[in-house]
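Please read the structure below before turning to the comments.
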Amino acid sequence: MLRLFATCLLLALPFTAAAQDRRPSHCIAIADAAPGLEYIQQAAYGTPLPDEFTTRIHFIDHAMFLIETYGGLRLVTDYSGFIGATPMIPDVVTMNRAHTTHFTDFPDPAIPHVLRGWSETRGMSADHHLDLGEVLVRSVSTDIRNRFDNGRIENGNSVFVFEVGGLCIGHLGHLHHEPNAAQYAAIGRLDVVMAPIDGGFTVPLETMTAIVARLRSSLVIPMHWFSLSSLDRFLEGMAAEGFVIERDGAHSMEVSLRNLPSQPTVRVLMPQWLNAPTND
């Protein structure tokens with residue numbers, strides 16, 4: 001009987017390992033990158049990634065990013081309904097409702113997972129925790145400003161965190177206030193953060209700088225900027241805080257624990273709508 005039990009246990013082990021195909025992440029940033037490693041740029045989405053620990057991030061527009069995993073999962077943040085001239089259907093879209101540029105009431109019904117950053121029950125938090133094996137998507141609720149409802153809507157926005165390849169990638173959405181202690185704790189330490197830098201519609205640039213510093217992110221990707229002058233002001237402020245600035249006109253980047261910068265870095269991606277991949 002014991003021999004039979006041991007045999008069954010051994011047969012079950014491969015299936016257990018296969019189910020645990022996401023590298024564990026504890027939202028802990030790696031302080032030291034391996035020397036000589038650089039970001040790998042790709043011309044278009046859909047190109048195979050080099051290994052299971054590498055994730056591609058493409059800046060689509062406004063606050064929309066495409067996150068691609070080695071296994072082929074595609075996730076779009078703050079999805080407004082249009083991502084470009086492509087037939088691609090994302091596996092997951094996240095949305096926030098502060099403005100119509102961050103959500104749609106009519107997402108494509110073919111999208112398997114539509115995660116709204118607010119609850120249909122007013123005032124309740126969204127509390128998403130979607131585990132797709134290769135990637136875990138979770139949300140942390142914050143408030144948004146409003147002319148009514150005593151000036152705010154409780155839990156109207158969500159910070160979405162994507163745990164993939166050992167990385168913690170955070171998207172702050174349409175953040176209207178600095179997170180409180182409980183929200184910071186729920187977010188955790190982000191390796192990569194997409195941060196809105198408009199300086200007024202969300203939070204002032206000084207507040208965003210403090211938020212990024214508190215999150216201890218190795219890599220900051222600016223979003224939600226409406227002019228190059230707005231972007232330049234943010235970059236000047238971050239450079240004064242000791243952040244390295246990388247700006248080469250790229251639309252996408254590949255990132256892994258191996259190539260996180262050794263010094264906190266702002267990596268500027270330029271927006272580009274998605275087009276159907278070519279075979280060139």
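Residues in the structure tokens are numbered from 1 in each chain, the chains being A, B, ... in the order shown, and ligands are numbered from 1 in the order shown.
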Spatial neighbours of Met88 of chain A, 10 Å, only C-alpha atoms, chain gap at least 5 places, as a list in words: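 The contact residues come out as Gly46, Arg74, Ile83, Ile111, Leu274, Asn275, Ala276 and Pro277 of chain A.
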Got time to write the residues from that selection, C-alpha atoms, as a PDB file, in the first residue's frame?
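selection_22.pdb written:
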```
ATOM      1  CA  GLY A  46       3.838  39.554 -30.985  1.00  0.00           C
ATOM      2  CA  ARG A  74      -1.825  39.792 -23.536  1.00  0.00           C
ATOM      3  CA  ILE A  83      -6.062  49.759 -29.228  1.00  0.00           C
ATOM      4  CA  ILE A 111     -12.344  39.456 -24.197  1.00  0.00           C
ATOM      5  CA  LEU A 274      -1.031  48.625 -32.183  1.00  0.00           C
ATOM      6  CA  ASN A 275      -0.975  47.368 -35.748  1.00  0.00           C
ATOM      7  CA  ALA A 276      -1.289  43.818 -37.013  1.00  0.00           C
ATOM      8  CA  PRO A 277       2.119  42.080 -36.742  1.00  0.00           C
TER       9      PRO A 277
END
```
Residues of segment 141-262 of chain A in alpha helix (DSSP H), written as an MDAnalysis selection string: chainID A and resid 181:187 205:215 228:240
Cut-off 6 Å: closest segment 152-266 of chain A/segment 58-68 of chain A atom pairs per residue, using only C-alpha atoms, as CSV:
```
residue,atom,partner,partner_atom,distance
A:Met223,CA,A:Ala63,CA,5.6
A:His224,CA,A:His62,CA,4.9
A:His251,CA,A:Phe59,CA,5.8
A:Ser252,CA,A:His58,CA,4.1
```
Go through segment 97-135 of chain A residue by residue and, counting only C-alpha atoms, keep those with an atom at most 9 Å from segment 159-174 of chain A; for each kept residue give the shortest atom pair and its distance in Å to one decimal, ordered by chain and increasing number, as a Markdown table.
```
| residue | atom | partner | partner_atom | distance |
| --- | --- | --- | --- | --- |
| A:Arg97 | CA | A:His174 | CA | 8.2 |
| A:Ala98 | CA | A:His174 | CA | 6.4 |
| A:His99 | CA | A:His174 | CA | 8.3 |
| A:His102 | CA | A:His174 | CA | 8.0 |
| A:Gly117 | CA | A:Val159 | CA | 7.8 |
| A:His128 | CA | A:Phe160 | CA | 8.7 |
| A:Glu134 | CA | A:Val164 | CA | 6.4 |
| A:Val135 | CA | A:Val164 | CA | 4.7 |
```
Backbone DSSP call of strand (DSSP E) for segment 37-234 of chain A, listed as a PyMOL selection string: chain A and resi 55-61+64-68+74-76+84-85+92-95+113-116+129-131+135-145+152-164+167-171+192-196+219-223
Gap from atom CA of Arg122 of chain A to atom CA of Ser141 of chain A - Å, one decimal: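 These two atoms are separated by 12.5 Å.
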Contacts of segment 199-205 of chain A at 12 Å (only C-alpha atoms; same-chain gap of 4+ positions) as number ranges by chain: A: 63, 98-99, 143-146, 157, 172-179, 195, 209-212, 222-227, 229-238
Written selection (N, CA, C and O atoms) as a compact mmCIF listing (two decimals), in the first residue's frame:
```txt
# COMPACT_ATOMS: atom_id res chain seq x y z
N ALA A 63 -3.18 56.13 -21.07
CA ALA A 63 -2.82 55.29 -19.93
C ALA A 63 -2.90 53.82 -20.30
O ALA A 63 -2.89 52.95 -19.42
N ALA A 98 -12.57 57.28 -13.95
CA ALA A 98 -12.49 58.71 -13.69
C ALA A 98 -12.86 59.50 -14.95
O ALA A 98 -13.50 60.55 -14.87
N HIS A 99 -12.43 59.02 -16.12
CA HIS A 99 -12.75 59.65 -17.40
C HIS A 99 -12.98 58.56 -18.44
O HIS A 99 -12.49 57.44 -18.30
N ASP A 143 -9.65 56.30 -3.98
CA ASP A 143 -10.81 57.18 -4.22
C ASP A 143 -10.56 58.07 -5.43
O ASP A 143 -9.41 58.28 -5.86
N ILE A 144 -11.64 58.62 -5.99
CA ILE A 144 -11.51 59.63 -7.04
C ILE A 144 -12.31 60.86 -6.65
O ILE A 144 -13.28 60.79 -5.89
N ARG A 145 -11.85 62.01 -7.16
CA ARG A 145 -12.55 63.27 -6.89
C ARG A 145 -13.86 63.33 -7.66
O ARG A 145 -14.00 62.75 -8.73
N ASN A 146 -14.79 64.09 -7.11
CA ASN A 146 -16.09 64.25 -7.75
C ASN A 146 -16.73 65.52 -7.23
O ASN A 146 -16.56 65.87 -6.06
N ASN A 157 -11.36 54.19 -8.10
CA ASN A 157 -10.21 53.90 -8.95
C ASN A 157 -9.52 52.66 -8.40
O ASN A 157 -9.67 52.33 -7.23
N LEU A 172 -0.92 52.76 -11.91
CA LEU A 172 -1.60 53.57 -10.91
C LEU A 172 -2.97 54.08 -11.35
O LEU A 172 -3.69 54.69 -10.55
N GLY A 173 -3.32 53.86 -12.62
CA GLY A 173 -4.64 54.30 -13.07
C GLY A 173 -4.78 55.81 -13.02
O GLY A 173 -3.83 56.56 -13.25
N HIS A 174 -5.98 56.28 -12.72
CA HIS A 174 -6.24 57.72 -12.62
C HIS A 174 -6.23 58.11 -11.14
O HIS A 174 -7.24 58.46 -10.56
N LEU A 175 -5.05 58.03 -10.56
CA LEU A 175 -4.88 58.22 -9.12
C LEU A 175 -5.13 59.68 -8.73
O LEU A 175 -4.56 60.59 -9.33
N HIS A 176 -5.98 59.89 -7.73
CA HIS A 176 -6.35 61.24 -7.32
C HIS A 176 -5.81 61.65 -5.96
O HIS A 176 -6.05 62.77 -5.51
N HIS A 177 -5.10 60.77 -5.30
CA HIS A 177 -4.56 61.11 -3.98
C HIS A 177 -3.42 60.16 -3.66
O HIS A 177 -3.31 59.07 -4.24
N GLU A 178 -2.55 60.58 -2.74
CA GLU A 178 -1.50 59.66 -2.31
C GLU A 178 -2.12 58.52 -1.53
O GLU A 178 -2.98 58.74 -0.68
N PRO A 179 -1.71 57.29 -1.80
CA PRO A 179 -2.26 56.17 -1.05
C PRO A 179 -1.98 56.31 0.45
O PRO A 179 -0.98 56.90 0.86
N ALA A 195 3.19 55.56 -14.11
CA ALA A 195 2.78 56.67 -13.26
C ALA A 195 2.19 57.81 -14.07
O ALA A 195 2.83 58.29 -15.02
N THR A 209 6.05 62.27 -7.43
CA THR A 209 7.44 61.96 -7.12
C THR A 209 7.55 61.27 -5.77
O THR A 209 8.28 60.29 -5.61
N ALA A 210 6.80 61.78 -4.79
CA ALA A 210 6.81 61.17 -3.45
C ALA A 210 6.24 59.76 -3.48
O ALA A 210 6.74 58.85 -2.80
N ILE A 211 5.19 59.55 -4.27
CA ILE A 211 4.58 58.23 -4.38
C ILE A 211 5.56 57.23 -4.98
O ILE A 211 5.75 56.12 -4.47
N VAL A 212 6.22 57.64 -6.07
CA VAL A 212 7.18 56.76 -6.73
C VAL A 212 8.33 56.42 -5.77
O VAL A 212 8.77 55.26 -5.70
N PRO A 222 6.54 56.90 -17.43
CA PRO A 222 5.54 57.98 -17.41
C PRO A 222 4.36 57.68 -18.33
O PRO A 222 4.53 57.08 -19.40
N MET A 223 3.18 58.09 -17.92
CA MET A 223 1.99 57.97 -18.75
C MET A 223 1.08 59.16 -18.44
O MET A 223 1.38 59.97 -17.56
N HIS A 224 -0.01 59.25 -19.19
CA HIS A 224 -1.02 60.29 -18.93
C HIS A 224 -0.40 61.68 -18.97
O HIS A 224 -0.67 62.53 -18.13
N TRP A 225 0.45 61.89 -19.98
CA TRP A 225 0.97 63.23 -20.21
C TRP A 225 0.42 63.71 -21.55
O TRP A 225 0.20 62.94 -22.47
N PHE A 226 0.19 65.02 -21.63
CA PHE A 226 -0.54 65.57 -22.78
C PHE A 226 0.31 66.46 -23.67
O PHE A 226 -0.16 66.94 -24.69
N SER A 227 1.56 66.67 -23.29
CA SER A 227 2.48 67.46 -24.12
C SER A 227 3.89 67.13 -23.72
O SER A 227 4.15 66.64 -22.61
N SER A 229 6.13 69.26 -23.10
CA SER A 229 6.55 70.17 -22.03
C SER A 229 6.18 69.60 -20.66
O SER A 229 6.95 69.71 -19.71
N SER A 230 5.01 68.97 -20.58
CA SER A 230 4.60 68.31 -19.33
C SER A 230 5.56 67.17 -19.00
O SER A 230 5.98 67.02 -17.84
N LEU A 231 5.91 66.40 -20.00
CA LEU A 231 6.86 65.30 -19.80
C LEU A 231 8.22 65.84 -19.37
O LEU A 231 8.84 65.31 -18.44
N ASP A 232 8.67 66.90 -20.03
CA ASP A 232 9.98 67.48 -19.70
C ASP A 232 10.03 67.96 -18.25
O ASP A 232 11.04 67.77 -17.56
N ARG A 233 8.96 68.58 -17.78
CA ARG A 233 8.93 69.06 -16.40
C ARG A 233 9.04 67.91 -15.41
O ARG A 233 9.73 67.99 -14.40
N PHE A 234 8.35 66.83 -15.72
CA PHE A 234 8.43 65.65 -14.84
C PHE A 234 9.84 65.09 -14.84
O PHE A 234 10.39 64.76 -13.77
N LEU A 235 10.45 64.98 -16.01
CA LEU A 235 11.79 64.41 -16.10
C LEU A 235 12.81 65.28 -15.38
O LEU A 235 13.73 64.77 -14.72
N GLU A 236 12.66 66.58 -15.48
CA GLU A 236 13.58 67.49 -14.77
C GLU A 236 13.47 67.28 -13.26
O GLU A 236 14.49 67.23 -12.56
N GLY A 237 12.25 67.14 -12.78
CA GLY A 237 12.05 66.92 -11.36
C GLY A 237 12.61 65.59 -10.89
O GLY A 237 13.22 65.50 -9.81
N MET A 238 12.44 64.55 -11.69
CA MET A 238 12.94 63.24 -11.30
C MET A 238 14.47 63.19 -11.37
O MET A 238 15.11 62.54 -10.53
```
Residues of segment 93-198 of chain A within 7 Å of segment 216-220 of chain A: nearest atom pair and distance (Å, one decimal) for each, counting only C-alpha atoms, sorted by chain and number, as a tab-separated table?
```
residue	atom	partner	partner_atom	distance
A:Arg189	CA	A:Arg216	CA	6.2
A:Leu190	CA	A:Ser217	CA	5.1
A:Asp191	CA	A:Ser217	CA	4.8
A:Val192	CA	A:Leu219	CA	4.7
A:Val193	CA	A:Val220	CA	5.1
A:Met194	CA	A:Val220	CA	6.1
A:Ala195	CA	A:Val220	CA	6.9
```
6 Å contact set for Ser80 of chain A, only C-alpha atoms, chain neighbours under 3 positions out, as number ranges by chain: A: 101-104
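Atom pair atom CA of Ala186 of chain A / atom CA of Leu130 of chain A: separated by 15.5 Å.
Among the candidate residues A:Ala126, A:Val266, A:Leu75, A:Val255, the one lying nearest to His113 of chain A is A:Leu75, with distances computed using only C-alpha atoms.
Counting from atom CA of Ala110 of chain A, the distance to atom CA of Leu269 of chain A is 28.6 Å.
Using only C-alpha atoms, the smallest distance between any of A:Gln272, A:Asn259, A:Asn155, A:Thr86 and Phe53 of chain A comes from A:Asn259.
The shortest atom-to-atom distance to Glu120 of chain A, with only C-alpha atoms taken into account, belongs to A:Gly156 out of A:Gly156, A:Glu206, A:Gly81, A:Gly249.
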